[in-house]
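Heads up, the thing below is written out as structure tokens.
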Amino acid sequence: MFEYFMIVGPIKAIKTNTKTRKWQNALFSSQICKKITSTSYFMSKLTKALRQPKNLGIALGLLTILLGWLMPANFVEQWYSRGLFLGIRTMFRALDGWLPFAGVYLLLAGLLIWLGWRARLLFRKSERTWGQRILRALHALLGFAGLVVFLFQWLWGFNYGRVPLEHQMGISPHPLTVDELRNELLIATTEAVRSRQGLEIGEDTVVAKQKIVPNAEDLMRQELRAVLKQYKYPNPNGVRGRTIVPKGILLRFSTAGVYLPFTGEGHVDAGLHYLQLPFVLAHEMSHAYGHGDEGTCNFLAYLSCIHANDPYINYIGHLYYWRYVASEFRAMSPEAYEQFRKALPAGIRADVRAINEEMDKYPDILPELRDAAYNTYLQSQGIAEGMKNYDRVTMLVAAWRQKYGSKQD
Ligand SMILES: [Zn+2]
């Protein structure tokens, strides 16, 4: 299987009496290089190399990437997403689900201590040259990266390869044409207006904060679990959607929330407007239930909001969706959008303005870098369209409405 060439020391003559043995002896003893085709030799070398944690990390990372490429979607769905991953959920519930604060703070503290310790190794007195030290540090970094990939994929990332939600629901989303998008915007507007009319608020003032449930996490988890149950997805209790501070820590990277596979928790930025927070919480908790696709998580968040018993949460779902459709339509047909926007009811315009003003408080840091990094990340997970993946929600909602219509109301 494996071939190895190596230089060996003086080769002892092999004592033998037979003619054949003499011939072999002469041949071998005259060689300086000896070719060894020994699997066991290779294995012993490999085992020795892997005893070094850095090499083990690199090997685990590479094998995990290979495995991710090889596993078919049905296999991932059955054995990972609906199998091992449910065990991982139970583990996180016991590990950090009960903490009064997000587990990520503990993780960051641990990481800083570890980095400090590694940096100390780099600067302490040593016989090694600086070149050797830097090489060792790079080796350690590569080993660490391999371990991160390994943990990321096994703790959650394999979910990217599961059977898409549209197959489970039996719907066929397709990219919308301008006309279809205009139609979708009209429907989304009608629904947003209708759900706002049912609220006890002024027709041209922003929805007051006091009207929104204070602990949206529990309510949104409950609503999301009901949606997952309806579409025959596992929906164990105990998933967390944490609100993290300082305000803007994610928003300054154009990110409203993030799911962290290493702690098993979803996070939303505390700087979000209260008319966004419940939707984003449901989105991040959808990730925690094993869905990687951004459009899918937006869609699950939308369904959780519009089917909730709380009319304010219904409105938040319709409004959030409206903003997605509107921004897509504006990109395709800016002039038509301006006309459309002027005709919107004053209340919705006030709510949208309030959200935008809140978001303007946290301008982007390095937006190009973030876009490039996040696109690369999504593409590495098999999502070719990159960040456009978020907009898939409009296709999913349109296809879902076509199949289920008003039966879901
Ligand atoms: Zn997401």
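Labels used: A, B, ... for chains in the order of the structure tokens, numbers from 1 for residues in each chain, and numbers from 1 for ligands as shown.
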Find the residues near stretch 240-249 of chain A: any atom within 8 Å, counting only C-alpha atoms, skip ones fewer than 6 places away on the same chain, and give them as a tab-separated table (two decimals) with N, CA and C atoms, in the first residue's frame.
chain	number	residue	atom	x	y	z
A	97	GLY	N	-26.88	24.98	29.02
A	97	GLY	CA	-28.25	25.46	28.84
A	97	GLY	C	-28.82	26.13	30.08
A	101	PHE	N	-25.98	33.11	31.92
A	101	PHE	CA	-25.39	33.96	30.86
A	101	PHE	C	-24.92	33.05	29.73
A	102	ALA	N	-24.61	33.68	28.60
A	102	ALA	CA	-24.20	32.90	27.43
A	102	ALA	C	-22.87	32.18	27.68
A	217	GLU	N	-37.37	35.07	24.31
A	217	GLU	CA	-36.69	33.79	24.07
A	217	GLU	C	-37.61	32.60	24.33
A	264	GLY	N	-23.29	25.52	21.50
A	264	GLY	CA	-24.65	25.03	21.17
A	264	GLY	C	-25.72	26.09	21.38
A	265	GLU	N	-25.32	27.36	21.40
A	265	GLU	CA	-26.30	28.42	21.68
A	265	GLU	C	-26.41	29.42	20.53
A	266	GLY	N	-27.62	29.96	20.35
A	266	GLY	CA	-27.82	31.06	19.41
A	266	GLY	C	-27.63	32.37	20.15
A	267	HIS	N	-27.20	33.40	19.44
A	267	HIS	CA	-26.99	34.72	20.06
A	267	HIS	C	-27.58	35.80	19.20
A	268	VAL	N	-28.18	36.80	19.85
A	268	VAL	CA	-28.64	37.97	19.10
A	268	VAL	C	-28.03	39.20	19.76
A	269	ASP	N	-27.81	40.21	18.94
A	269	ASP	CA	-27.18	41.45	19.43
A	269	ASP	C	-28.19	42.24	20.26
A	270	ALA	N	-27.76	42.68	21.45
A	270	ALA	CA	-28.64	43.44	22.33
A	270	ALA	C	-29.02	44.79	21.73
A	271	GLY	N	-28.30	45.21	20.69
A	271	GLY	CA	-28.58	46.50	20.06
A	271	GLY	C	-29.72	46.44	19.04
A	272	LEU	N	-30.26	45.26	18.79
A	272	LEU	CA	-31.36	45.14	17.83
A	272	LEU	C	-32.58	45.90	18.31
A	281	LEU	N	-34.24	35.99	17.12
A	281	LEU	CA	-34.11	34.91	18.12
A	281	LEU	C	-34.57	33.59	17.51
A	282	ALA	N	-35.72	33.62	16.85
A	282	ALA	CA	-36.24	32.38	16.24
A	282	ALA	C	-35.31	31.89	15.14
A	284	GLU	N	-31.99	32.28	15.00
A	284	GLU	CA	-30.80	31.67	15.61
A	284	GLU	C	-31.13	30.34	16.28
A	285	MET	N	-32.31	30.26	16.89
A	285	MET	CA	-32.69	28.98	17.51
A	285	MET	C	-32.98	27.92	16.45
A	288	ALA	N	-29.91	26.30	15.92
A	288	ALA	CA	-29.64	25.40	17.03
A	288	ALA	C	-30.42	24.09	16.91
A	362	TYR	N	-25.10	51.69	14.60
A	362	TYR	CA	-23.99	50.73	14.58
A	362	TYR	C	-23.48	50.54	13.15
Within 8 Å of ligand 1 (counting only C-alpha atoms and all ligand atoms), which residues show up? I'd like them as number ranges by chain. A: 257-259, 283-284, 287, 292-294, 297-298, 390
Output for the residues just chosen: C-alpha atoms as a PDB file, in the first residue's frame:
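Okay, result13.pdb is ready:
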ATOM      1  CA  GLY A 257     -27.185  37.172  15.393  1.00  0.00           C
ATOM      2  CA  VAL A 258     -24.930  34.147  15.341  1.00  0.00           C
ATOM      3  CA  TYR A 259     -25.120  30.487  16.275  1.00  0.00           C
ATOM      4  CA  HIS A 283     -33.762  32.438  13.337  1.00  0.00           C
ATOM      5  CA  GLU A 284     -30.798  31.667  15.610  1.00  0.00           C
ATOM      6  CA  HIS A 287     -29.849  26.991  13.589  1.00  0.00           C
ATOM      7  CA  GLY A 292     -27.679  25.496   8.491  1.00  0.00           C
ATOM      8  CA  ASP A 293     -29.309  27.178   5.516  1.00  0.00           C
ATOM      9  CA  GLU A 294     -29.969  30.901   6.166  1.00  0.00           C
ATOM     10  CA  CYS A 297     -33.880  29.653   9.241  1.00  0.00           C
ATOM     11  CA  ASN A 298     -35.519  32.896   8.074  1.00  0.00           C
ATOM     12  CA  TYR A 390     -30.662  34.740   3.245  1.00  0.00           C
TER      13      TYR A 390
END
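Closest to A:Phe75 among A:Ala119, A:Val163, A:Leu260, A:Val148 is A:Val163, based on only C-alpha atoms.
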Determine which residues of stretch 152-302 of chain A receive a DSSP assignment of helix (DSSP H, G or I), computed from the backbone, and state them as an MDAnalysis selection string. chainID A and resid 152:155 157:161 165:169 178:197 209:211 216:230 251:253 277:288 294:302
Who sits within 10 Å of stretch 301-312 of chain A, only C-alpha atoms, same chain under 3 positions skipped, as a ChimeraX atom specification: /A:191,195-196,198-200,207,211-213,219-228,275,278-286,295-298,315-321,393,397,408-409
How about saving the chosen residues, C-alpha atoms kept, as a compact mmCIF listing (two decimals), in the first residue's frame?
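Listed below is the output, result.txt:
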# COMPACT_ATOMS: atom_id res chain seq x y z
CA GLU A 191 -50.52 40.89 5.47
CA SER A 195 -51.83 42.27 11.22
CA ARG A 196 -51.00 45.83 12.34
CA GLY A 198 -55.46 44.29 14.88
CA LEU A 199 -53.06 45.88 17.39
CA GLU A 200 -53.98 48.40 20.06
CA VAL A 207 -45.35 50.16 18.16
CA LYS A 211 -46.30 45.87 23.94
CA ILE A 212 -43.62 43.32 23.07
CA VAL A 213 -43.19 40.36 25.40
CA LEU A 219 -42.06 32.44 23.69
CA MET A 220 -40.14 32.10 20.41
CA ARG A 221 -38.72 28.73 21.43
CA GLN A 222 -42.21 27.48 22.13
CA GLU A 223 -43.54 28.78 18.79
CA LEU A 224 -40.57 27.42 16.86
CA ARG A 225 -40.97 23.98 18.45
CA ALA A 226 -44.61 23.93 17.38
CA VAL A 227 -43.61 24.71 13.76
CA LEU A 228 -40.88 22.05 13.77
CA LEU A 275 -39.36 44.95 16.50
CA PRO A 278 -38.13 37.99 18.35
CA PHE A 279 -37.63 37.15 14.65
CA VAL A 280 -33.83 37.02 14.95
CA LEU A 281 -34.11 34.91 18.12
CA ALA A 282 -36.24 32.38 16.24
CA HIS A 283 -33.76 32.44 13.34
CA GLU A 284 -30.80 31.67 15.61
CA MET A 285 -32.69 28.98 17.51
CA SER A 286 -33.59 27.38 14.15
CA GLY A 295 -33.09 31.06 4.01
CA THR A 296 -34.50 28.04 5.84
CA CYS A 297 -33.88 29.65 9.24
CA ASN A 298 -35.52 32.90 8.07
CA TYR A 315 -46.91 41.59 13.16
CA ILE A 316 -43.15 41.38 13.77
CA GLY A 317 -43.01 38.29 11.50
CA HIS A 318 -44.96 40.00 8.72
CA LEU A 319 -42.91 43.19 9.05
CA TYR A 320 -39.57 41.38 8.99
CA TYR A 321 -40.61 39.44 5.92
CA VAL A 393 -36.79 33.10 2.31
CA VAL A 397 -42.57 31.64 1.51
CA GLN A 408 -52.00 27.35 7.82
CA ASP A 409 -53.72 30.43 9.24
State, in Å with one decimal place, the distance from atom CA of A:Thr263 to atom CA of A:Gly103.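 Between these atoms lies a distance of 5.9 Å.
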Hey, can you check how far atom CA of A:Pro100 sits from atom CA of A:Ala256?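 For atom CA of A:Pro100 relative to atom CA of A:Ala256, the distance reads 21.4 Å.
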Closest of A:Ala336, A:Ile313, A:Leu147, A:Leu155 to A:Ile58 - atom-to-atom distances counting only C-alpha atoms: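 The answer is A:Leu147, which sits nearest to A:Ile58.
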